[in-house]
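final.cif (mmCIF, C-alpha atoms) appears below.
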data_input
#
loop_
_atom_site.label_atom_id
_atom_site.label_comp_id
_atom_site.auth_asym_id
_atom_site.auth_seq_id
_atom_site.Cartn_x
_atom_site.Cartn_y
_atom_site.Cartn_z
CA MET A 268 135.83 -49.20 196.20
CA THR A 269 137.51 -46.40 194.32
CA GLU A 270 140.94 -46.92 192.81
CA LEU A 271 142.44 -50.40 192.82
CA ASP A 272 145.96 -50.61 194.18
CA PRO A 273 148.01 -51.77 191.19
CA GLU A 274 150.28 -53.78 193.49
CA LYS A 275 147.39 -55.84 194.87
CA LEU A 276 145.85 -57.32 191.73
CA ASN A 277 148.49 -59.99 191.24
CA VAL A 278 151.26 -61.38 193.35
CA ALA A 279 154.12 -63.54 192.17
CA PRO A 280 154.41 -66.95 193.84
CA GLY A 281 156.88 -66.95 196.70
CA THR A 282 156.50 -63.25 197.45
CA PRO A 283 156.63 -62.73 201.23
CA HIS A 284 154.36 -60.38 203.18
CA SER A 285 155.32 -56.81 203.94
CA ASN A 286 156.17 -56.86 207.66
CA ILE A 287 159.47 -58.45 208.74
CA LEU A 288 158.02 -59.88 211.97
CA SER A 289 154.92 -61.42 210.41
CA GLU A 290 157.03 -62.79 207.56
CA THR A 291 159.47 -64.47 209.90
CA VAL A 292 156.65 -65.75 212.08
CA ALA A 293 154.95 -67.23 209.00
CA TYR A 294 158.12 -69.12 208.11
CA LEU A 295 158.54 -70.25 211.73
CA ILE A 296 154.94 -71.54 211.85
CA GLY A 297 155.53 -73.35 208.55
CA LEU A 298 158.77 -74.86 209.83
CA ALA A 299 157.12 -75.99 213.08
CA LEU A 300 154.16 -77.58 211.25
CA ALA A 301 156.46 -79.28 208.74
CA LEU A 302 158.65 -80.62 211.56
CA VAL A 303 155.61 -81.98 213.40
CA LEU A 304 154.23 -83.64 210.26
CA THR A 305 157.63 -85.13 209.39
CA GLY A 306 158.02 -86.40 212.94
CA VAL A 307 154.55 -87.96 212.92
CA SER A 308 155.32 -89.58 209.55
CA PHE A 309 158.48 -91.24 210.85
CA TRP A 310 156.68 -92.28 214.05
CA VAL A 311 153.70 -93.74 212.16
CA ALA A 312 156.07 -95.67 209.93
CA SER A 313 157.97 -97.27 212.80
CA THR A 314 155.32 -97.87 215.45
CA SER A 315 153.42 -101.13 215.81
CA VAL A 316 150.52 -99.53 217.69
CA LEU A 317 148.57 -98.69 214.53
CA TRP A 318 146.64 -101.00 212.27
CA GLY A 319 149.23 -102.19 209.73
CA PRO A 320 147.32 -101.99 206.42
CA GLY A 321 146.21 -98.41 207.16
CA VAL A 322 149.72 -97.08 207.75
CA ALA A 323 150.58 -96.49 204.07
CA VAL A 324 147.39 -94.48 203.49
CA GLY A 325 148.05 -92.48 206.63
CA LEU A 326 151.58 -91.69 205.44
CA VAL A 327 150.29 -90.44 202.08
CA VAL A 328 147.76 -88.22 203.86
CA LEU A 329 150.51 -86.81 206.10
CA ALA A 330 152.70 -86.14 203.05
CA ILE A 331 149.91 -84.28 201.25
CA ALA A 332 149.29 -82.24 204.41
CA GLN A 333 152.96 -81.33 204.60
CA MET A 334 153.01 -80.31 200.94
CA GLY A 335 150.07 -78.03 201.72
CA VAL A 336 152.01 -76.51 204.62
CA HIS A 337 154.97 -75.85 202.33
CA LEU A 338 152.74 -74.25 199.68
CA VAL A 339 151.00 -71.96 202.15
CA PHE A 340 153.83 -70.94 204.48
CA PHE A 341 156.89 -71.13 202.20
CA LEU A 342 155.48 -70.40 198.74
CA HIS A 343 152.75 -68.08 200.08
CA ILE A 344 149.99 -69.50 197.92
CA THR A 345 146.81 -68.06 199.40
CA SER A 346 143.11 -67.98 198.55
CA GLY A 347 143.21 -64.20 198.15
CA PRO A 348 142.17 -62.46 194.91
CA ASP A 349 145.80 -61.51 194.17
CA ASN A 350 146.68 -65.21 193.99
CA THR A 351 144.04 -66.46 191.53
CA ASN A 352 146.47 -67.10 188.70
CA ASN A 353 148.93 -68.95 190.93
CA VAL A 354 146.18 -71.13 192.41
CA LEU A 355 144.68 -71.94 189.01
CA ALA A 356 148.08 -72.98 187.65
CA LEU A 357 148.65 -75.08 190.76
CA ALA A 358 145.22 -76.71 190.45
CA PHE A 359 145.94 -77.66 186.84
CA GLY A 360 149.35 -79.03 187.82
CA VAL A 361 147.84 -81.12 190.61
CA LEU A 362 145.17 -82.43 188.20
CA ILE A 363 147.80 -83.62 185.74
CA VAL A 364 149.96 -85.10 188.51
CA PHE A 365 147.04 -87.13 189.85
CA LEU A 366 145.94 -88.22 186.37
CA VAL A 367 149.44 -89.46 185.55
CA MET A 368 150.04 -91.21 188.87
CA ILE A 369 146.64 -92.75 189.57
CA GLY A 370 146.09 -93.61 185.91
CA THR A 371 149.44 -95.37 185.64
CA ILE A 372 149.07 -97.23 188.92
CA VAL A 373 145.53 -98.42 188.15
CA ILE A 374 146.40 -99.56 184.62
CA MET A 375 149.64 -101.26 185.62
CA THR A 376 147.99 -103.07 188.54
CA GLN A 377 145.23 -104.31 186.25
CA MET A 378 147.70 -105.52 183.65
CA ASP A 379 149.81 -107.20 186.32
CA ALA A 380 146.74 -109.02 187.67
CA ASN A 381 145.59 -110.11 184.20
CA MET A 382 149.02 -111.11 182.92
CA ALA A 383 149.46 -114.65 181.63
CA PRO A 384 151.33 -116.99 183.98
CA ASP A 385 155.09 -117.36 183.86
CA PRO A 386 156.21 -118.52 180.36
CA ALA A 387 158.20 -121.35 181.93
CA LEU A 388 155.04 -122.70 183.53
CA MET A 389 153.14 -122.34 180.25
CA ASN A 390 155.76 -124.45 178.49
CA LEU A 391 155.53 -127.14 181.14
CA GLN A 392 151.78 -127.37 180.60
CA MET A 393 152.15 -127.53 176.83
CA GLN A 394 154.60 -130.42 177.00
CA HIS A 395 151.89 -132.75 178.29
CA MET B 2 130.81 -37.14 175.71
CA THR B 3 129.04 -40.01 174.00
CA THR B 4 132.09 -40.93 171.92
CA ALA B 5 134.34 -40.94 174.98
CA GLU B 6 132.12 -43.51 176.74
CA ALA B 7 131.73 -45.84 173.79
CA PRO B 8 132.43 -49.44 174.83
CA ALA B 9 135.89 -50.62 173.94
CA ILE B 10 135.22 -53.55 171.65
CA GLY B 11 137.29 -54.81 168.75
CA LEU B 12 140.32 -52.82 167.72
CA THR B 13 141.07 -50.71 170.73
CA HIS B 14 144.38 -49.12 169.90
CA GLY B 15 144.63 -45.40 170.39
CA GLY B 16 141.81 -44.07 172.53
CA SER B 17 141.14 -47.05 174.78
CA GLU B 18 143.53 -48.45 177.35
CA ASP B 19 142.16 -51.98 176.91
CA THR B 20 144.91 -54.06 175.36
CA GLY B 21 143.18 -57.41 175.67
CA LEU B 22 145.57 -58.34 178.45
CA GLY B 23 143.36 -57.25 181.31
CA HIS B 24 142.14 -53.76 181.84
CA ARG B 25 145.48 -52.24 182.76
CA GLY B 26 147.69 -53.99 180.22
CA PRO B 27 150.20 -56.72 181.05
CA GLU B 28 151.55 -57.08 184.55
CA SER B 29 155.01 -55.84 185.41
CA LYS B 30 158.01 -58.08 184.87
CA SER B 31 158.36 -58.69 188.59
CA ILE B 32 155.01 -60.54 188.42
CA VAL B 33 155.21 -62.16 185.00
CA VAL B 34 158.70 -63.65 185.34
CA PRO B 35 158.11 -65.48 188.66
CA TYR B 36 154.69 -66.58 187.36
CA GLY B 37 156.31 -68.11 184.28
CA PHE B 38 158.84 -69.77 186.54
CA TRP B 39 155.98 -71.09 188.70
CA LEU B 40 154.53 -72.73 185.55
CA PHE B 41 157.93 -74.32 184.89
CA VAL B 42 158.10 -75.64 188.46
CA LEU B 43 154.62 -77.13 188.13
CA SER B 44 155.58 -78.83 184.86
CA ASP B 45 158.64 -80.16 186.67
CA MET B 46 156.29 -81.70 189.22
CA VAL B 47 154.41 -83.36 186.36
CA LEU B 48 157.76 -84.82 185.23
CA PHE B 49 158.33 -86.17 188.75
CA SER B 50 154.81 -87.60 188.84
CA ALA B 51 155.72 -89.75 185.83
CA LEU B 52 158.84 -90.96 187.65
CA PHE B 53 156.77 -91.67 190.78
CA ALA B 54 154.28 -93.64 188.72
CA THR B 55 157.14 -95.65 187.20
CA TYR B 56 158.59 -96.31 190.63
CA ALA B 57 155.22 -97.36 192.06
CA SER B 58 154.72 -99.79 189.17
CA LEU B 59 158.18 -101.34 189.51
CA ALA B 60 158.72 -101.20 193.29
CA HIS B 61 158.22 -104.95 193.69
CA ALA B 62 160.03 -106.00 190.48
CA THR B 63 163.21 -106.87 192.34
CA ASP B 64 164.25 -109.84 190.15
CA GLY B 65 165.40 -111.76 193.23
CA GLY B 66 167.70 -108.88 194.19
CA PRO B 67 167.62 -106.72 197.32
CA THR B 68 164.25 -105.22 198.25
CA SER B 69 163.51 -101.70 199.46
CA GLY B 70 163.13 -102.92 203.04
CA GLU B 71 166.66 -104.36 203.02
CA LEU B 72 168.36 -101.39 201.36
CA PHE B 73 167.09 -98.20 202.93
CA ASP B 74 168.31 -96.70 206.18
CA ARG B 75 165.69 -94.53 207.88
CA THR B 76 168.18 -92.70 210.08
CA LEU B 77 170.04 -91.34 207.05
CA VAL B 78 166.74 -90.35 205.43
CA ALA B 79 165.68 -88.51 208.59
CA ILE B 80 168.92 -86.48 208.54
CA GLU B 81 168.47 -85.74 204.81
CA THR B 82 164.89 -84.61 205.45
CA MET B 83 165.93 -82.33 208.30
CA ALA B 84 168.73 -80.78 206.22
CA LEU B 85 166.45 -80.04 203.28
CA LEU B 86 163.59 -78.74 205.43
CA LEU B 87 165.90 -76.39 207.35
CA SER B 88 167.49 -75.21 204.10
CA SER B 89 164.01 -74.40 202.78
CA PHE B 90 163.43 -72.35 205.95
CA THR B 91 166.75 -70.46 205.71
CA CYS B 92 166.08 -69.81 202.02
CA GLY B 93 162.89 -68.04 203.11
CA LEU B 94 164.87 -66.02 205.67
CA ALA B 95 167.32 -65.05 202.92
CA MET B 96 164.39 -63.73 200.87
CA ILE B 97 163.11 -61.70 203.84
CA THR B 98 166.50 -60.07 204.37
CA ALA B 99 167.04 -59.57 200.63
CA LYS B 100 163.80 -57.62 200.42
CA ARG B 101 165.23 -55.21 202.96
CA GLY B 102 168.50 -54.91 201.08
CA ASN B 103 170.63 -56.45 203.82
CA LEU B 104 173.64 -57.85 201.97
CA ILE B 105 175.44 -59.58 204.86
CA TRP B 106 172.41 -61.42 206.22
CA THR B 107 171.16 -62.39 202.77
CA VAL B 108 174.48 -63.88 201.74
CA GLY B 109 174.78 -65.44 205.19
CA TRP B 110 171.42 -67.20 204.95
CA LEU B 111 172.17 -68.26 201.38
CA VAL B 112 175.45 -69.79 202.59
CA VAL B 113 173.53 -71.70 205.28
CA THR B 114 170.98 -72.80 202.69
CA GLY B 115 173.70 -74.02 200.34
CA ALA B 116 175.59 -75.76 203.15
CA LEU B 117 172.46 -77.66 204.22
CA GLY B 118 171.80 -78.56 200.60
CA LEU B 119 175.36 -79.85 200.38
CA VAL B 120 174.80 -82.00 203.50
CA PHE B 121 171.71 -83.45 201.84
CA LEU B 122 173.53 -84.14 198.60
CA SER B 123 176.54 -85.72 200.33
CA ILE B 124 174.33 -88.13 202.28
CA GLU B 125 172.48 -89.04 199.09
CA LEU B 126 175.71 -89.68 197.19
CA TYR B 127 177.02 -91.74 200.13
CA GLU B 128 173.83 -93.79 200.04
CA PHE B 129 174.11 -94.31 196.28
CA ALA B 130 177.79 -95.29 196.55
CA THR B 131 177.04 -97.77 199.35
CA MET B 132 174.20 -99.34 197.39
CA ILE B 133 176.26 -99.67 194.20
CA GLY B 134 179.14 -101.08 196.27
CA GLU B 135 176.78 -103.78 197.62
CA GLY B 136 175.83 -104.74 194.07
CA ALA B 137 172.50 -102.90 194.25
CA GLY B 138 173.20 -100.53 191.36
CA PRO B 139 170.66 -99.38 188.77
CA GLN B 140 171.41 -102.40 186.55
CA ARG B 141 170.38 -104.92 189.20
CA SER B 142 166.59 -104.82 188.82
CA ALA B 143 163.72 -102.75 187.48
CA PHE B 144 163.01 -101.60 191.03
CA LEU B 145 166.54 -100.23 191.40
CA SER B 146 166.52 -98.63 187.93
CA SER B 147 163.38 -96.68 188.79
CA PHE B 148 164.71 -95.86 192.26
CA PHE B 149 167.94 -94.37 190.91
CA THR B 150 166.04 -92.47 188.21
CA LEU B 151 163.55 -90.93 190.63
CA VAL B 152 165.88 -90.08 193.52
CA GLY B 153 168.77 -89.26 191.18
CA CYS B 154 166.59 -86.81 189.25
CA HIS B 155 165.76 -85.06 192.50
CA GLY B 156 169.46 -85.05 193.42
CA ALA B 157 170.30 -83.52 190.03
CA HIS B 158 167.77 -80.76 190.72
CA VAL B 159 169.39 -80.11 194.11
CA THR B 160 172.79 -79.92 192.40
CA VAL B 161 171.47 -77.33 189.95
CA GLY B 162 169.91 -75.46 192.87
CA LEU B 163 173.28 -75.36 194.65
CA LEU B 164 175.00 -73.95 191.57
CA TRP B 165 172.22 -71.39 191.27
CA ILE B 166 172.62 -70.36 194.94
CA GLY B 167 176.34 -69.81 194.34
CA THR B 168 175.62 -67.77 191.22
CA MET B 169 173.06 -65.64 193.03
CA MET B 170 175.47 -64.91 195.88
CA ALA B 171 178.04 -63.69 193.37
CA GLN B 172 175.42 -61.58 191.57
CA ILE B 173 174.15 -59.97 194.78
CA TRP B 174 177.74 -59.27 195.77
CA ALA B 175 178.64 -57.73 192.41
CA LYS B 176 175.42 -55.95 191.44
CA GLY B 177 173.46 -55.42 194.64
CA PHE B 178 169.69 -55.80 195.03
CA ARG B 179 168.58 -54.51 191.64
CA GLU B 180 165.17 -55.36 190.32
CA HIS B 181 166.25 -58.15 187.98
CA ILE B 182 168.47 -59.66 190.69
CA MET B 183 165.47 -59.72 193.05
CA ARG B 184 163.42 -61.48 190.35
CA ARG B 185 166.09 -64.17 190.03
CA LEU B 186 166.26 -64.55 193.81
CA LEU B 187 162.49 -65.01 193.96
CA CYS B 188 162.65 -67.68 191.23
CA LEU B 189 165.47 -69.40 193.12
CA SER B 190 163.40 -69.51 196.31
CA VAL B 191 160.40 -70.94 194.43
CA PHE B 192 162.68 -73.60 192.91
CA TRP B 193 164.24 -74.51 196.26
CA HIS B 194 160.89 -74.75 198.09
CA ALA B 195 159.55 -76.91 195.25
CA LEU B 196 162.48 -79.32 195.66
CA ASP B 197 161.54 -79.75 199.31
CA ILE B 198 157.93 -80.47 198.34
CA ILE B 199 159.11 -83.20 195.97
CA TRP B 200 161.37 -84.60 198.68
CA VAL B 201 158.35 -84.92 201.01
CA ALA B 202 156.78 -87.23 198.42
CA ILE B 203 160.04 -89.16 197.96
CA PHE B 204 160.74 -89.78 201.64
CA THR B 205 157.13 -90.86 202.19
CA ILE B 206 156.58 -93.08 199.16
CA VAL B 207 160.08 -94.45 198.58
CA TYR B 208 161.68 -94.59 201.99
CA LEU B 209 158.91 -94.81 204.63
CA ILE B 210 156.33 -96.90 202.76
CA GLY B 211 159.19 -98.89 201.20
CA THR B 212 160.52 -99.90 204.62
CA LEU B 213 157.20 -100.72 206.30
CA PRO B 214 157.35 -104.09 208.05
#
Encoded form using structure tokens:
Amino acid sequence: MTELDPEKLNVAPGTPHSNILSETVAYLIGLALALVLTGVSFWVASTSVLWGPGVAVGLVVLAIAQMGVHLVFFLHITSGPDNTNNVLALAFGVLIVFLVMIGTIVIMTQMDANMAPDPALMNLQMQH
Amino acid sequence: MTTAEAPAIGLTHGGSEDTGLGHRGPESKSIVVPYGFWLFVLSDMVLFSALFATYASLAHATDGGPTSGELFDRTLVAIETMALLLSSFTCGLAMITAKRGNLIWTVGWLVVTGALGLVFLSIELYEFATMIGEGAGPQRSAFLSSFFTLVGCHGAHVTVGLLWIGTMMAQIWAKGFREHIMRRLLCLSVFWHALDIIWVAIFTIVYLIGTLP
């Protein structure tokens, strides 16, 4: 390896490739995958073939997959060395998003389960 | 010869090229500006995660009012999803043509992108108006407050995106594909794709899971 190409060390997020055909094909593949995943999501949500309690989890998995498709084919986030900064920022963002969401949901579910009964009921018991 | 090969440690002004910002100095503006915008978009996603967490906590706090299963219409949501997904695609096509300096096609794809965004926004506003007309406004219950905050915040972002698309079309028309115009276009495309990513989460968590039997 002699001289590094200055253009290749970093790439801004969203920058398309260099060839018009491969760029358009990348967007078309992304669109096709996103359409399939969206279609499957709507089908999974409305069918009665699948095991009911698992449907919500399946939908979340499909949504995460579709977000990945959007990131790769529309925002051109890759695993290449020119994308390290973009991926690291994304990883940190995803970490915070999951901390906020899962943390909130776990804590609020716990508090809901441990909450004292309805005040009206409490009063009824105290009147005895 | 020995002085020229001395390691560049400490104060390195003058002889050395090491500025402490990587070996070749800071990146060019065309990298740094979209990267900074990428950080903004990610922090925007953190904002939405807080709204999602609120919604998830309050989704069943309907206070005897209408529930998500009674309110939401999946057909409308499917059309909204299609419109936003296709607009994300045409936004990418606009970027491809912009890179090649094709004014007509770029403006054309941006018009299509904006039109699809407008379709999305109109359906959303129609849905909001119908719900409020049925007495299911944001004041009705905690569930509806969080619903209108979450989906309304996304709608506000789409509105800003539409204004931005209009601005960019005018700027391309007036100034051509200069370097700073291309930077703004790239930021716009990152913003628009990010909105679609957030919508994927909304239509899954709010609309599909909310209307499961």
Step by step, work through what the PyMOL selection byres ((chain B) within 6 of (chain A)) selects in the shown file, and finish by giving those residues as an mmCIF file with C-alpha atoms, in the frame of the given file.
data_model
loop_
_atom_site.group_PDB
_atom_site.id
_atom_site.type_symbol
_atom_site.label_atom_id
_atom_site.label_comp_id
_atom_site.auth_asym_id
_atom_site.auth_seq_id
_atom_site.Cartn_x
_atom_site.Cartn_y
_atom_site.Cartn_z
ATOM 1 C CA ILE B 32 155.010 -60.540 188.420
ATOM 2 C CA PRO B 35 158.110 -65.480 188.660
ATOM 3 C CA TYR B 36 154.690 -66.580 187.360
ATOM 4 C CA LEU B 43 154.620 -77.130 188.130
ATOM 5 C CA VAL B 47 154.410 -83.360 186.360
ATOM 6 C CA SER B 50 154.810 -87.600 188.840
ATOM 7 C CA ALA B 54 154.280 -93.640 188.720
ATOM 8 C CA VAL B 191 160.400 -70.940 194.430
ATOM 9 C CA ILE B 198 157.930 -80.470 198.340
ATOM 10 C CA ILE B 210 156.330 -96.900 202.760
#
Exercise. Find the residue from B:Glu135, B:Leu119, B:Arg75, B:Ile97 that sits nearest to B:Thr205; use all atoms listed in the file when measuring.
Key: B:Arg75
Which polymer residues, protein or nucleic acid, are no farther than 10 Å from (156.8, -90.4, 191.0), counting all atoms listed in the file, as a JSON list (two decimals) with C-alpha atoms, in the coordinates of the input?
[["chain", "number", "residue", "atom", "x", "y", "z"],
["A", 364, "VAL", "CA", 149.96, -85.10, 188.51],
["A", 367, "VAL", "CA", 149.44, -89.46, 185.55],
["A", 368, "MET", "CA", 150.04, -91.21, 188.87],
["B", 46, "MET", "CA", 156.29, -81.70, 189.22],
["B", 47, "VAL", "CA", 154.41, -83.36, 186.36],
["B", 48, "LEU", "CA", 157.76, -84.82, 185.23],
["B", 49, "PHE", "CA", 158.33, -86.17, 188.75],
["B", 50, "SER", "CA", 154.81, -87.60, 188.84],
["B", 51, "ALA", "CA", 155.72, -89.75, 185.83],
["B", 52, "LEU", "CA", 158.84, -90.96, 187.65],
["B", 53, "PHE", "CA", 156.77, -91.67, 190.78],
["B", 54, "ALA", "CA", 154.28, -93.64, 188.72],
["B", 55, "THR", "CA", 157.14, -95.65, 187.20],
["B", 56, "TYR", "CA", 158.59, -96.31, 190.63],
["B", 57, "ALA", "CA", 155.22, -97.36, 192.06],
["B", 58, "SER", "CA", 154.72, -99.79, 189.17],
["B", 147, "SER", "CA", 163.38, -96.68, 188.79],
["B", 148, "PHE", "CA", 164.71, -95.86, 192.26],
["B", 150, "THR", "CA", 166.04, -92.47, 188.21],
["B", 151, "LEU", "CA", 163.55, -90.93, 190.63],
["B", 152, "VAL", "CA", 165.88, -90.08, 193.52],
["B", 199, "ILE", "CA", 159.11, -83.20, 195.97],
["B", 202, "ALA", "CA", 156.78, -87.23, 198.42],
["B", 203, "ILE", "CA", 160.04, -89.16, 197.96],
["B", 206, "ILE", "CA", 156.58, -93.08, 199.16],
["B", 207, "VAL", "CA", 160.08, -94.45, 198.58]]
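Separating atom CA of B:Asp74 from atom CA of B:Leu209 is a distance of 9.7 Å.
Taking atom CA of B:Gly134 as the reference point, atom CA of B:Gly211 is found at 20.7 Å.
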Practice problem: Pull out every residue that the PyMOL selection byres ((chain B and resi 193) around 9) matches in the shown coordinates and put them as a VMD selection string. | Solution: chain B and resid 88 to 89 92 159 162 188 to 192 194 to 198
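Taking only C-alpha atoms into account, B:Gly167 lies nearest to B:Trp110 out of the set B:Phe144, B:Phe90, B:Trp110, B:Phe38.
Separating atom CA of B:Phe121 from atom CA of B:Thr107 is a distance of 21.1 Å.
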Practice problem: Step by step, work through what the PyMOL selection byres ((chain B and resi 82) around 8) selects in the shown file, and finish by giving those residues as a PyMOL selection string. | Solution: chain B and resi 78-81+83-86+121+200-201+204
Export of the given selection (C-alpha atoms) as a compact mmCIF listing (two decimals), keeping the file's coordinate frame:
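The file below, out.txt, is the result:
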# COMPACT_ATOMS: atom_id res chain seq x y z
CA VAL B 78 166.74 -90.35 205.43
CA ALA B 79 165.68 -88.51 208.59
CA ILE B 80 168.92 -86.48 208.54
CA GLU B 81 168.47 -85.74 204.81
CA MET B 83 165.93 -82.33 208.30
CA ALA B 84 168.73 -80.78 206.22
CA LEU B 85 166.45 -80.04 203.28
CA LEU B 86 163.59 -78.74 205.43
CA PHE B 121 171.71 -83.45 201.84
CA TRP B 200 161.37 -84.60 198.68
CA VAL B 201 158.35 -84.92 201.01
CA PHE B 204 160.74 -89.78 201.64
Self-check item: Selected residue, from B:Leu59, B:Leu145, B:Ala95, B:Ala116, that lies nearest to B:Met132 when counting all atoms listed in the file
Solution: B:Leu145
Start from the incomplete input, build N, CA and C atoms for stretch 97-116 of chain B, and deliver everything as a CSV table (one decimal), in the coordinates of the input.
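And here's out-v5.csv as it stands now:
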chain,number,residue,atom,x,y,z
B,97,ILE,N,163.6,-62.8,203.0
B,97,ILE,CA,163.1,-61.7,203.8
B,97,ILE,C,164.2,-60.6,204.0
B,98,THR,N,165.4,-61.1,204.2
B,98,THR,CA,166.5,-60.1,204.4
B,98,THR,C,166.8,-59.4,203.0
B,99,ALA,N,166.7,-60.2,201.9
B,99,ALA,CA,167.0,-59.6,200.6
B,99,ALA,C,166.1,-58.4,200.3
B,100,LYS,N,164.8,-58.6,200.7
B,100,LYS,CA,163.8,-57.6,200.4
B,100,LYS,C,164.1,-56.3,201.1
B,101,ARG,N,164.8,-56.4,202.2
B,101,ARG,CA,165.2,-55.2,203.0
B,101,ARG,C,166.6,-54.7,202.6
B,102,GLY,N,167.2,-55.4,201.6
B,102,GLY,CA,168.5,-54.9,201.1
B,102,GLY,C,169.7,-55.1,202.0
B,103,ASN,N,169.5,-56.2,202.9
B,103,ASN,CA,170.6,-56.4,203.8
B,103,ASN,C,171.6,-57.5,203.2
B,104,LEU,N,172.7,-57.0,202.7
B,104,LEU,CA,173.6,-57.8,202.0
B,104,LEU,C,174.2,-59.0,202.8
B,105,ILE,N,174.7,-58.6,204.0
B,105,ILE,CA,175.4,-59.6,204.9
B,105,ILE,C,174.5,-60.7,205.2
B,106,TRP,N,173.3,-60.4,205.8
B,106,TRP,CA,172.4,-61.4,206.2
B,106,TRP,C,171.9,-62.3,205.0
B,107,THR,N,171.6,-61.6,203.9
B,107,THR,CA,171.2,-62.4,202.8
B,107,THR,C,172.2,-63.4,202.3
B,108,VAL,N,173.4,-62.9,202.2
B,108,VAL,CA,174.5,-63.9,201.7
B,108,VAL,C,174.7,-64.9,202.8
B,109,GLY,N,174.6,-64.5,204.1
B,109,GLY,CA,174.8,-65.4,205.2
B,109,GLY,C,173.7,-66.6,205.1
B,110,TRP,N,172.5,-66.2,205.0
B,110,TRP,CA,171.4,-67.2,205.0
B,110,TRP,C,171.6,-68.1,203.7
B,111,LEU,N,172.0,-67.5,202.6
B,111,LEU,CA,172.2,-68.3,201.4
B,111,LEU,C,173.3,-69.3,201.6
B,112,VAL,N,174.4,-68.8,202.3
B,112,VAL,CA,175.4,-69.8,202.6
B,112,VAL,C,174.9,-71.0,203.4
B,113,VAL,N,174.1,-70.6,204.5
B,113,VAL,CA,173.5,-71.7,205.3
B,113,VAL,C,172.7,-72.6,204.4
B,114,THR,N,171.8,-72.0,203.6
B,114,THR,CA,171.0,-72.8,202.7
B,114,THR,C,171.8,-73.7,201.8
B,115,GLY,N,172.9,-73.2,201.2
B,115,GLY,CA,173.7,-74.0,200.3
B,115,GLY,C,174.4,-75.1,201.1
B,116,ALA,N,174.9,-74.8,202.4
B,116,ALA,CA,175.6,-75.8,203.2
B,116,ALA,C,174.7,-76.9,203.5
